[in-house]
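K.L.:
run.txt is reproduced below (compact mmCIF, C-alpha atoms and all ligand atoms).
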# COMPACT_ATOMS: atom_id res chain seq x y z
CA MET A 1 0.00 0.00 0.00
CA VAL A 2 1.24 3.49 -0.80
CA ASP A 3 -0.15 6.34 1.28
CA PHE A 4 1.08 9.91 0.90
CA ARG A 5 -0.94 11.25 3.82
CA LEU A 6 0.97 12.35 6.89
CA SER A 7 -0.31 11.39 10.32
CA GLU A 8 -1.74 14.09 12.62
CA GLU A 9 1.45 13.95 14.68
CA GLN A 10 3.61 14.40 11.59
CA ILE A 11 1.54 17.37 10.43
CA ALA A 12 1.80 18.93 13.89
CA LEU A 13 5.57 18.39 13.92
CA ARG A 14 5.93 20.01 10.50
CA GLU A 15 3.83 22.97 11.69
CA LYS A 16 5.98 23.33 14.78
CA ALA A 17 9.19 23.25 12.70
CA ARG A 18 7.71 25.71 10.17
CA LYS A 19 6.69 28.15 12.91
CA PHE A 20 10.11 27.92 14.54
CA ALA A 21 11.86 28.35 11.19
CA LEU A 22 9.81 31.40 10.24
CA GLU A 23 9.91 33.07 13.66
CA GLU A 24 13.36 32.18 15.00
CA VAL A 25 15.54 31.33 12.00
CA TYR A 26 14.35 33.37 9.01
CA PRO A 27 14.56 36.83 10.65
CA VAL A 28 18.17 36.35 11.79
CA ALA A 29 19.44 34.49 8.70
CA PRO A 30 20.85 37.61 6.96
CA TYR A 31 22.69 38.62 10.14
CA TYR A 32 24.45 35.28 10.60
CA ASP A 33 25.18 35.04 6.88
CA LYS A 34 26.78 38.48 6.88
CA THR A 35 28.77 38.17 10.10
CA GLY A 36 29.64 34.47 9.94
CA GLU A 37 28.97 34.41 13.69
CA PHE A 38 28.12 31.02 15.13
CA PRO A 39 24.32 30.90 15.74
CA MET A 40 24.50 29.50 19.28
CA ASP A 41 21.35 31.39 20.30
CA VAL A 42 19.30 29.67 17.61
CA ILE A 43 20.83 26.29 18.43
CA LYS A 44 19.80 26.72 22.07
CA LYS A 45 16.25 27.60 21.05
CA ALA A 46 16.01 24.65 18.63
CA HIS A 47 17.26 22.38 21.38
CA LYS A 48 14.71 23.72 23.84
CA GLU A 49 11.91 23.17 21.31
CA GLY A 50 12.95 19.55 20.76
CA LEU A 51 13.86 20.25 17.13
CA MET A 52 17.42 18.90 17.36
CA ASN A 53 18.93 15.43 17.70
CA LEU A 54 15.88 14.14 15.88
CA GLY A 55 16.97 10.51 15.56
CA ILE A 56 18.21 9.95 19.12
CA PRO A 57 15.97 7.23 20.58
CA LYS A 58 13.61 8.05 23.45
CA GLU A 59 15.40 5.69 25.83
CA TYR A 60 18.47 7.93 25.58
CA GLY A 61 16.49 11.14 26.06
CA GLY A 62 15.89 12.07 22.41
CA PRO A 63 12.61 12.53 20.54
CA GLY A 64 13.15 9.22 18.70
CA TYR A 65 11.77 10.48 15.41
CA GLY A 66 11.89 8.32 12.32
CA ALA A 67 13.56 9.36 9.08
CA LEU A 68 10.27 10.66 7.65
CA GLU A 69 9.73 13.02 10.61
CA SER A 70 13.33 14.17 10.22
CA VAL A 71 12.96 15.10 6.56
CA LEU A 72 9.77 17.03 7.36
CA VAL A 73 11.63 19.11 9.97
CA VAL A 74 14.82 19.77 8.02
CA GLU A 75 12.94 20.90 4.90
CA GLU A 76 11.35 23.68 6.97
CA MET A 77 14.60 24.73 8.61
CA ALA A 78 16.57 24.87 5.36
CA ALA A 79 13.76 26.87 3.75
CA ALA A 80 14.51 29.55 6.37
CA CYS A 81 18.32 29.32 6.34
CA ALA A 82 20.41 26.57 4.75
CA GLY A 83 23.43 27.44 6.88
CA MET A 84 21.62 27.20 10.20
CA ALA A 85 19.93 23.98 9.07
CA THR A 86 23.37 22.50 8.36
CA THR A 87 24.57 23.61 11.80
CA ILE A 88 21.60 22.22 13.69
CA TYR A 89 21.36 18.92 11.80
CA ALA A 90 25.09 18.18 11.82
CA ASN A 91 24.23 16.70 15.22
CA ASP A 92 22.15 14.03 13.51
CA LEU A 93 25.13 13.20 11.28
CA GLY A 94 27.48 13.07 14.27
CA ALA A 95 25.11 10.98 16.39
CA GLU A 96 24.19 8.49 13.66
CA PRO A 97 27.30 6.23 13.92
CA ILE A 98 26.64 5.87 17.66
CA ILE A 99 22.94 5.18 17.09
CA LEU A 100 23.85 2.54 14.49
CA MET A 101 26.74 0.70 16.15
CA GLY A 102 27.28 2.14 19.63
CA THR A 103 26.84 0.02 22.74
CA ASP A 104 24.14 0.85 25.25
CA GLU A 105 26.82 2.32 27.51
CA GLN A 106 28.21 4.52 24.70
CA LYS A 107 24.72 5.73 23.84
CA ARG A 108 24.16 6.78 27.45
CA ARG A 109 27.60 8.42 27.66
CA PHE A 110 27.52 10.32 24.35
CA LEU A 111 23.91 10.68 23.17
CA THR A 112 22.08 11.45 26.40
CA PRO A 113 24.18 14.58 27.18
CA LEU A 114 23.26 15.96 23.75
CA THR A 115 19.59 15.73 24.64
CA ARG A 116 20.02 17.36 28.06
CA GLU A 117 22.05 20.38 26.98
CA PRO A 118 22.56 22.12 23.63
CA LEU A 119 25.87 20.32 23.01
CA LEU A 120 27.20 19.55 19.55
CA ILE A 121 28.70 16.44 17.98
CA SER A 122 30.63 16.38 14.69
CA PHE A 123 31.35 13.68 12.13
CA ALA A 124 34.82 13.57 10.60
CA THR A 125 35.88 11.47 7.66
CA THR A 126 37.23 14.17 5.31
CA GLU A 127 40.93 15.07 5.39
CA PRO A 128 43.06 17.61 3.52
CA GLY A 129 44.20 14.80 1.17
CA MET A 130 40.87 13.01 0.60
CA GLY A 131 37.13 13.51 0.79
CA SER A 132 35.18 11.43 -1.71
CA ASP A 133 37.42 8.39 -1.29
CA VAL A 134 36.58 7.45 2.30
CA ALA A 135 38.62 4.22 1.98
CA GLY A 136 41.65 6.47 1.46
CA ILE A 137 41.62 7.89 5.00
CA ARG A 138 45.20 8.50 6.18
CA THR A 139 44.66 9.47 9.82
CA THR A 140 46.03 6.55 11.84
CA CYS A 141 45.06 4.87 15.06
CA GLU A 142 47.26 2.49 17.03
CA ARG A 143 46.29 0.48 20.08
CA ASP A 144 48.35 1.13 23.19
CA GLY A 145 46.97 -0.74 26.23
CA ASP A 146 43.51 0.57 27.02
CA GLU A 147 43.86 3.45 24.59
CA TYR A 148 44.25 4.25 20.92
CA VAL A 149 46.73 6.87 19.75
CA LEU A 150 45.44 8.98 16.85
CA ASN A 151 47.59 10.96 14.40
CA GLY A 152 46.55 12.91 11.32
CA SER A 153 44.26 15.73 10.30
CA LYS A 154 40.67 16.34 9.26
CA MET A 155 39.25 19.14 7.15
CA PHE A 156 35.81 20.67 6.49
CA ILE A 157 34.34 19.40 9.75
CA THR A 158 30.97 21.00 10.43
CA ASN A 159 30.72 22.43 13.98
CA GLY A 160 34.23 21.13 14.69
CA ASN A 161 35.22 24.27 16.62
CA HIS A 162 32.20 24.02 18.90
CA ALA A 163 31.53 20.30 19.24
CA GLU A 164 31.75 18.54 22.58
CA PHE A 165 32.38 15.24 20.80
CA ILE A 166 33.90 14.53 17.38
CA VAL A 167 33.44 11.16 15.70
CA ILE A 168 36.84 10.62 14.07
CA PHE A 169 37.44 7.96 11.44
CA ALA A 170 41.01 6.63 11.35
CA ARG A 171 42.85 3.58 10.05
CA LEU A 172 44.77 0.98 12.01
CA LYS A 173 48.44 1.38 11.18
CA GLY A 174 49.57 -0.94 8.39
CA THR A 175 46.09 -1.54 6.91
CA ARG A 176 44.94 -0.53 3.45
CA ARG A 177 41.78 0.87 1.90
CA HIS A 178 38.46 -0.42 3.34
CA GLU A 179 40.02 -2.78 5.86
CA GLY A 180 41.24 -1.39 9.17
CA LEU A 181 39.09 1.75 9.41
CA CYS A 182 37.78 2.51 12.90
CA ALA A 183 35.54 5.22 14.35
CA PHE A 184 36.13 6.87 17.73
CA VAL A 185 34.20 9.38 19.78
CA VAL A 186 36.84 11.95 20.66
CA PRO A 187 35.85 14.41 23.41
CA ARG A 188 36.79 18.06 22.85
CA GLU A 189 39.19 18.26 25.79
CA THR A 190 41.31 15.34 24.49
CA GLU A 191 44.98 16.21 24.75
CA GLY A 192 46.64 16.17 21.35
CA MET A 193 43.51 17.24 19.43
CA LYS A 194 43.27 20.84 18.25
CA THR A 195 40.62 22.47 16.09
CA TYR A 196 41.15 25.47 13.83
CA GLY A 197 38.90 27.78 11.89
CA PRO A 198 36.25 28.56 10.91
CA LEU A 199 37.10 28.23 7.22
CA LYS A 200 35.63 31.15 5.25
CA LYS A 201 33.04 29.89 2.80
CA LEU A 202 30.99 30.89 -0.26
CA GLY A 203 27.73 29.98 1.47
CA HIS A 204 26.33 28.26 4.57
CA ARG A 205 28.13 30.99 6.47
CA ALA A 206 26.05 30.35 9.58
CA SER A 207 27.75 26.97 9.87
CA ASP A 208 31.19 26.45 11.38
CA THR A 209 33.64 24.47 9.27
CA ALA A 210 36.80 23.37 11.06
CA THR A 211 40.19 21.84 10.49
CA ILE A 212 41.29 19.30 13.12
CA VAL A 213 44.81 18.20 13.91
CA LEU A 214 45.52 15.04 15.94
CA LYS A 215 49.02 14.64 17.36
CA ASP A 216 49.36 11.58 19.57
CA ALA A 217 45.77 12.14 20.73
CA ARG A 218 44.91 9.40 23.21
CA VAL A 219 41.38 8.06 23.16
CA PRO A 220 40.08 5.36 25.54
CA ALA A 221 39.47 2.06 23.74
CA GLU A 222 35.92 2.15 25.15
CA ASN A 223 35.26 5.13 22.82
CA ARG A 224 35.70 2.99 19.68
CA ILE A 225 32.36 2.55 17.90
CA GLY A 226 31.86 -0.99 16.61
CA PRO A 227 34.58 -3.59 16.05
CA GLU A 228 38.01 -2.73 14.65
CA GLY A 229 37.76 -2.53 10.87
CA SER A 230 34.06 -1.67 10.75
CA GLY A 231 34.66 2.05 10.13
CA PHE A 232 34.13 2.05 6.38
CA MET A 233 30.84 0.17 6.61
CA LEU A 234 29.77 2.43 9.47
CA ALA A 235 30.50 5.58 7.48
CA MET A 236 28.50 4.26 4.51
CA MET A 237 25.57 3.19 6.72
CA THR A 238 25.62 6.63 8.30
CA PHE A 239 25.39 8.30 4.88
CA MET A 240 22.50 6.03 3.92
CA HIS A 241 20.62 7.39 6.94
CA THR A 242 21.56 11.05 6.49
CA ARG A 243 21.50 11.61 2.72
CA PRO A 244 17.68 11.75 2.52
CA ALA A 245 17.87 14.73 4.89
CA ILE A 246 20.25 16.50 2.49
CA GLY A 247 17.65 15.95 -0.24
CA ALA A 248 15.06 17.42 2.11
CA MET A 249 17.20 20.46 2.92
CA ALA A 250 17.72 21.00 -0.81
CA THR A 251 13.92 20.80 -1.21
CA GLY A 252 13.43 23.47 1.46
CA LEU A 253 15.99 25.78 -0.11
CA ALA A 254 14.46 25.28 -3.57
CA ARG A 255 10.99 26.00 -2.23
CA SER A 256 12.16 29.33 -0.86
CA ALA A 257 13.95 30.17 -4.11
CA MET A 258 10.69 29.53 -5.98
CA GLU A 259 8.70 31.64 -3.51
CA TYR A 260 11.12 34.57 -3.86
CA ALA A 261 10.85 34.24 -7.65
CA ILE A 262 7.02 34.24 -7.51
CA ASN A 263 6.94 37.32 -5.30
CA TYR A 264 9.47 39.18 -7.40
CA ALA A 265 7.76 38.29 -10.71
CA LYS A 266 4.43 39.57 -9.36
CA GLN A 267 5.70 43.08 -8.77
CA ARG A 268 8.55 43.70 -11.25
CA GLU A 269 7.56 45.23 -14.57
CA ALA A 270 9.15 45.01 -18.01
CA PHE A 271 7.71 45.95 -21.40
CA GLU A 272 4.70 47.50 -19.55
CA LYS A 273 3.73 44.15 -18.03
CA LYS A 274 4.38 42.34 -14.78
CA LEU A 275 7.12 39.75 -15.19
CA TYR A 276 4.80 36.91 -14.29
CA GLU A 277 2.62 37.72 -17.31
CA PHE A 278 5.36 36.46 -19.63
CA GLN A 279 4.92 32.81 -20.45
CA ALA A 280 8.68 32.24 -20.34
CA ILE A 281 8.71 33.30 -16.68
CA GLN A 282 5.53 31.33 -15.84
CA HIS A 283 7.05 28.16 -17.30
CA MET A 284 10.31 28.59 -15.41
CA ILE A 285 8.37 28.79 -12.17
CA ALA A 286 6.08 25.90 -13.15
CA ASP A 287 9.20 23.78 -13.74
CA MET A 288 10.49 24.75 -10.31
CA TYR A 289 7.28 23.61 -8.66
CA ALA A 290 7.24 20.30 -10.55
CA ARG A 291 10.85 19.60 -9.62
CA ILE A 292 10.26 20.48 -5.96
CA GLU A 293 7.36 18.03 -5.82
CA ALA A 294 9.61 15.30 -7.27
CA MET A 295 12.48 16.15 -4.90
CA ARG A 296 10.21 15.92 -1.88
CA LEU A 297 8.70 12.60 -2.92
CA LEU A 298 12.16 11.09 -3.42
CA THR A 299 13.26 12.17 0.05
CA TRP A 300 10.03 10.80 1.53
CA LYS A 301 10.52 7.50 -0.29
CA ALA A 302 14.10 7.09 0.95
CA ALA A 303 13.04 8.07 4.49
CA TRP A 304 10.10 5.67 4.37
CA LEU A 305 12.38 2.78 3.35
CA LEU A 306 14.68 3.57 6.29
CA ASP A 307 11.71 3.61 8.65
CA GLN A 308 10.66 0.18 7.34
CA GLY A 309 14.15 -1.10 8.15
CA GLU A 310 14.77 -1.70 4.45
CA ASN A 311 17.89 -1.05 2.41
CA ALA A 312 17.72 2.57 1.29
CA TRP A 313 21.25 2.79 -0.16
CA ILE A 314 20.21 3.62 -3.72
CA ALA A 315 17.07 5.56 -2.77
CA ALA A 316 19.14 7.76 -0.44
CA SER A 317 21.64 8.50 -3.22
CA VAL A 318 18.85 9.24 -5.69
CA ALA A 319 17.15 11.61 -3.21
CA LYS A 320 20.43 13.40 -2.55
CA LEU A 321 21.46 13.58 -6.20
CA VAL A 322 18.13 14.82 -7.55
CA GLY A 323 17.61 17.15 -4.59
CA SER A 324 20.99 18.83 -4.81
CA GLU A 325 21.12 19.10 -8.60
CA ASP A 326 17.58 20.47 -8.82
CA ALA A 327 18.13 22.90 -5.96
CA MET A 328 21.11 24.37 -7.81
CA LYS A 329 19.10 24.64 -11.02
CA ILE A 330 16.13 26.21 -9.24
CA ALA A 331 18.32 28.70 -7.34
CA THR A 332 20.00 29.64 -10.63
CA ASP A 333 16.68 30.14 -12.43
CA ALA A 334 15.18 32.07 -9.53
CA LEU A 335 18.16 34.42 -9.52
CA GLN A 336 17.73 34.83 -13.30
CA ILE A 337 14.17 36.03 -12.75
CA TYR A 338 15.57 38.85 -10.60
CA GLY A 339 17.81 40.00 -13.47
CA GLY A 340 20.62 42.28 -12.29
CA ARG A 341 19.17 42.60 -8.80
CA GLY A 342 19.65 38.87 -8.27
CA TYR A 343 23.37 39.51 -8.47
CA LEU A 344 23.29 41.98 -5.61
CA GLU A 345 24.13 40.79 -2.12
CA SER A 346 21.29 42.94 -0.79
CA TYR A 347 18.71 40.55 -2.31
CA LYS A 348 18.13 37.32 -0.41
CA ILE A 349 18.16 35.25 -3.59
CA ALA A 350 21.93 35.78 -3.81
CA LYS A 351 22.38 33.97 -0.48
CA ILE A 352 20.14 31.12 -1.64
CA PHE A 353 22.25 30.77 -4.80
CA ARG A 354 25.48 30.62 -2.75
CA ASP A 355 23.98 28.19 -0.26
CA ALA A 356 22.60 25.83 -2.92
CA LYS A 357 26.04 24.83 -4.17
CA LEU A 358 27.03 22.96 -1.03
CA TYR A 359 24.34 20.30 -1.44
CA GLN A 360 26.17 19.07 -4.56
CA ILE A 361 29.37 18.69 -2.52
CA TYR A 362 28.99 17.46 1.06
CA GLU A 363 27.93 13.97 2.22
CA GLY A 364 29.15 12.65 -1.13
CA THR A 365 29.36 14.84 -4.22
CA SER A 366 26.91 14.49 -7.11
CA GLN A 367 29.59 12.55 -8.99
CA ILE A 368 29.85 10.08 -6.10
CA GLN A 369 26.05 9.64 -6.01
CA ARG A 370 26.12 8.91 -9.76
CA HIS A 371 28.97 6.47 -9.16
CA ILE A 372 26.86 4.62 -6.54
CA ILE A 373 23.75 4.56 -8.74
CA SER A 374 25.58 3.47 -11.90
CA ARG A 375 27.44 0.69 -10.04
CA TYR A 376 24.04 -0.63 -8.94
CA LEU A 377 22.71 -0.39 -12.50
CA PHE A 378 25.60 -2.35 -13.99
CA LYS A 379 26.04 -4.89 -11.17
CA GLU A 380 22.61 -5.64 -9.71
CA TYR A 381 19.82 -4.11 -11.76
CA GLN A 382 18.08 -6.69 -13.93
CA THR A 383 16.99 -5.38 -17.31
CA LEU A 384 13.58 -6.65 -18.44
CA ILE A 385 14.53 -6.21 -22.06
CA LYS A 386 17.21 -8.74 -22.89
CA ASP A 387 18.18 -7.71 -26.42
CA PHE A 388 19.77 -4.51 -27.69
C1 LIG B 401 30.88 23.39 4.07
C2 LIG B 401 31.30 21.95 4.11
C3 LIG B 401 30.97 21.16 5.19
C4 LIG B 401 31.43 19.85 5.27
N1 LIG B 401 31.15 19.11 6.39
C5 LIG B 401 31.77 17.91 6.56
C6 LIG B 401 31.69 17.19 7.79
O1 LIG B 401 31.00 17.62 8.73
N2 LIG B 401 32.38 16.03 7.92
C7 LIG B 401 33.16 15.53 6.93
O2 LIG B 401 33.77 14.49 7.11
N3 LIG B 401 33.24 16.17 5.73
C8 LIG B 401 32.60 17.36 5.53
N4 LIG B 401 32.72 18.03 4.34
C9 LIG B 401 33.57 17.49 3.31
C10 LIG B 401 32.81 16.98 2.09
O3 LIG B 401 32.09 15.84 2.42
C11 LIG B 401 33.85 16.77 0.98
O4 LIG B 401 34.29 18.05 0.57
C12 LIG B 401 33.30 15.99 -0.19
O5 LIG B 401 33.02 14.67 0.18
C13 LIG B 401 34.25 16.00 -1.39
O6 LIG B 401 35.54 15.68 -1.01
P1 LIG B 401 36.77 16.61 -1.48
O7 LIG B 401 36.42 18.00 -1.15
O8 LIG B 401 38.00 16.06 -0.90
O9 LIG B 401 36.80 16.47 -3.04
P2 LIG B 401 37.56 15.32 -3.87
O10 LIG B 401 37.24 14.01 -3.32
O11 LIG B 401 38.97 15.72 -4.01
O12 LIG B 401 36.84 15.48 -5.27
C14 LIG B 401 37.10 16.57 -6.14
C15 LIG B 401 36.18 16.46 -7.35
O13 LIG B 401 36.44 15.22 -8.02
C16 LIG B 401 35.24 14.47 -8.10
N5 LIG B 401 35.53 13.05 -7.94
C17 LIG B 401 36.20 12.45 -6.93
N6 LIG B 401 36.21 11.13 -7.11
C18 LIG B 401 35.52 10.88 -8.24
C19 LIG B 401 35.15 9.70 -8.95
N7 LIG B 401 35.49 8.48 -8.51
N8 LIG B 401 34.42 9.83 -10.10
C20 LIG B 401 34.06 11.07 -10.54
N9 LIG B 401 34.38 12.20 -9.91
C21 LIG B 401 35.09 12.11 -8.77
C22 LIG B 401 34.36 14.99 -6.99
O14 LIG B 401 32.98 14.77 -7.25
C23 LIG B 401 34.71 16.45 -6.98
O15 LIG B 401 33.98 17.11 -7.96
C24 LIG B 401 32.20 19.32 4.23
C25 LIG B 401 32.51 20.11 3.11
C26 LIG B 401 32.09 21.41 3.04
C27 LIG B 401 32.48 22.25 1.85
Could you rewrite the structure in this file as structure tokens?
P.N.:
Amino acid sequence: MVDFRLSEEQIALREKARKFALEEVYPVAPYYDKTGEFPMDVIKKAHKEGLMNLGIPKEYGGPGYGALESVLVVEEMAAACAGMATTIYANDLGAEPIILMGTDEQKRRFLTPLTREPLLISFATTEPGMGSDVAGIRTTCERDGDEYVLNGSKMFITNGNHAEFIVIFARLKGTRRHEGLCAFVVPRETEGMKTYGPLKKLGHRASDTATIVLKDARVPAENRIGPEGSGFMLAMMTFMHTRPAIGAMATGLARSAMEYAINYAKQREAFEKKLYEFQAIQHMIADMYARIEAMRLLTWKAAWLLDQGENAWIAASVAKLVGSEDAMKIATDALQIYGGRGYLESYKIAKIFRDAKLYQIYEGTSQIQRHIISRYLFKEYQTLIKDF
């Protein structure tokens, strides 16, 4: 059975997120974008409202929302400010490896504090020398008694300068590629770990992006998530759970881009007509709406599969790929409708355009999503037509 209706609880949650996004995020978005200040105030409010740490199970103090509830919330937040949405929902990315493979004790030690106070957790696979190729991680870990010693560096880590815990992926010395990767929860105060930044960015300026250096950083063995060597699989499983939310954020951003374009086209005149009276403009906006509908359904489908406990590997990649590519296209077209004014920083569409680009890059670039989908098509997909 396929049913596109949301439950009453889901509708209420979406309304709550929408109200919060419009009242608490949208008005301050230009300020945080301009200053690059870290939006701790907004994080605290989101935490208080129960709109953070969405996937942390109830038994560990979280709201225990499913993936579908999560995509409903993040669409609303990103519609108000993509940067703040990235900041707030980086906690779901950071918490996911612990939710997936952590022990009960680790969940109590690392997840429960996040639900009690507005603390942050980061996820760190990317390094200066690699990003897409997760199996190419060079940061090393070496067992020494009851501890592991970590050496290396990480780059582009969201919230890294503010996080209480950082989930660091590193390889056991002497191992290669997928084998030997491990994940550790590294507390901020760990000796030997230093964070730097924030890196100055084109968009998502309300999010902190850090560089991390590990020099003989000692982490208790009890902070390792999952068995030795399970790090690669854990990173991929994490992405399967978080990529639908990137598709949903892209949907939210695209929805706002379309709404700005509608409002602008209704009042701007050219050739003694309102812009929206030109069929070329009407069709651009109609295309935006059609794409947004498709983006949303793909994120819902991927989220629904996750909630059924089914494999959502390909659906998550499809939702992320279509969402991020279409968001970039829609932001570009919306800016076009503004003409020269779209190119001015004083118009909000310029921020949307800058913010859109990131969706094609983080949590696996568009090329990596295509790589995943095409590998499935050539290895597993069964064609019904057998001739050519
Ligand atoms: C603002 C921001 C926040 C981020 N947050 C985090 C975070 O919290 N945690 C974290 O770990 N990382 C984070 N990242 C890193 C992000 O996930 C990586 O930048 C991304 O995965 C790409 O890696 P890279 O930059 O090293 O590019 P590379 O891997 O060097 O790729 C460069 C280009 O080559 C293409 N390419 C690479 N391999 C292939 C291939 N096999 N086939 C075709 N094309 C290919 C890529 O698509 C890309 O276009 C963040 C990045 C940014 C910009």
K.L.:
May I ask for the distance between atom CA of A:Met130 and atom CA of A:Gly226, given in Å to one decimal place?
P.N.:
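Between atom CA of A:Met130 and atom CA of A:Gly226 the gap is 23.1 Å.
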K.L.:
Write out as a compact mmCIF listing (two decimals) with C-alpha atoms, in the coordinates of the input each polymer residue (protein, DNA or RNA) that has an atom no more than 6 Å from ligand LIG 401 (chain B), with all atoms listed in the file counted.
P.N.:
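The new file part.txt reads:
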# COMPACT_ATOMS: atom_id res chain seq x y z
CA PHE A 123 31.35 13.68 12.13
CA ALA A 124 34.82 13.57 10.60
CA THR A 125 35.88 11.47 7.66
CA THR A 126 37.23 14.17 5.31
CA MET A 130 40.87 13.01 0.60
CA GLY A 131 37.13 13.51 0.79
CA SER A 132 35.18 11.43 -1.71
CA ASP A 133 37.42 8.39 -1.29
CA PHE A 156 35.81 20.67 6.49
CA ILE A 157 34.34 19.40 9.75
CA THR A 158 30.97 21.00 10.43
CA THR A 209 33.64 24.47 9.27
CA ILE A 361 29.37 18.69 -2.52
CA TYR A 362 28.99 17.46 1.06
CA GLU A 363 27.93 13.97 2.22
CA GLY A 364 29.15 12.65 -1.13
CA THR A 365 29.36 14.84 -4.22
CA GLN A 367 29.59 12.55 -8.99
CA ILE A 368 29.85 10.08 -6.10
K.L.:
Which one is closest to A:Leu172: A:Ser122, A:Asn223, A:Gln10, A:Ser230? Count all atoms listed in the file.
P.N.:
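Of all the options, A:Ser230 lies closest to A:Leu172.
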K.L.:
Within 10 Å of (26.6, 27.6, -3.7), all atoms listed in the file: residues as a PyMOL selection string?
P.N.:
chain A and resi 201-204+327-328+331-332+350-361
K.L.:
I'd like the contact shell of stretch 35-43 of chain A - 8 Å cut-off, only C-alpha atoms, skipping same-chain residues fewer than 6 positions apart - returned as a list in words.
P.N.:
Glu24, Val25, Met84, Ile88, Pro118, Arg205, Ala206, Ser207 and Asp208 of chain A
K.L.:
Work out how far atom CA of A:Asp307 is from atom CA of A:Tyr65, in Å to one decimal.
P.N.:
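One can read the atom CA of A:Tyr65 to atom CA of A:Asp307 distance as 9.6 Å.
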K.L.:
For A:Glu76, which residue out of A:Ala217, A:Met249, A:Ala316, A:Ile98 is the nearest one, using all atoms listed in the file?
P.N.:
A:Met249
K.L.:
Compile the contact shell of A:Leu275 as a ChimeraX atom specification: residues with an atom at most 6 Å away, counting all atoms listed in the file, same-chain residues fewer than 4 positions apart removed.
P.N.:
/A:265,268-269
K.L.:
Taking all atoms listed in the file into account, which of A:Arg291, A:Lys154, A:Arg255, A:Lys274 comes nearest A:Ile337?
P.N.:
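Closest to A:Ile337 of all the choices is A:Lys274.
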K.L.:
Can you work out the spacing between atom CA of A:Ser366 and atom CA of A:Thr87 in Å, to one decimal?
P.N.:
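Computing it gives 21.1 Å between the two atoms.
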K.L.:
Tell me, as a PyMOL selection string, which residues lie within 12 Å of A:Arg176, counting only C-alpha atoms; anything in the same chain fewer than 2 positions away does not count.
P.N.:
chain A and resi 134-140+170-174+178-181+229+232
K.L.:
Counting all atoms listed in the file, which of A:Gly102, A:Lys320, A:Arg218, A:Ile11 gets nearest to A:Asn151?
P.N.:
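Using all atoms listed in the file, A:Asn151 sits closest to A:Arg218.
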K.L.:
Which one of A:Gln382, A:Ser70, A:Asn53, A:Gln267 sits closest to A:Ala248 if you count only C-alpha atoms?
P.N.:
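The closest residue to A:Ala248 is A:Ser70.
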K.L.:
Write out as number ranges by chain each polymer residue whose atoms come within 10 Å of A:Met237, counting all atoms listed in the file; drop sequence neighbours fewer than 6 positions from it.
P.N.:
A: 96-97, 100-101, 231, 311-313
K.L.:
Which one of A:Tyr381, A:Phe271, A:Phe110, A:Tyr347 sits closest to A:Gly61 if you count all atoms listed in the file?
P.N.:
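Checking each candidate against A:Gly61, we get A:Phe110 as the closest.
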K.L.:
Determine, counting all atoms listed in the file, every residue of protein, DNA or RNA that lies within 6 Å of (31.4, 11.7, 21.1) in the file coordinates, then give the result as a PyMOL selection string.
P.N.:
chain A and resi 110+165-167+185-187
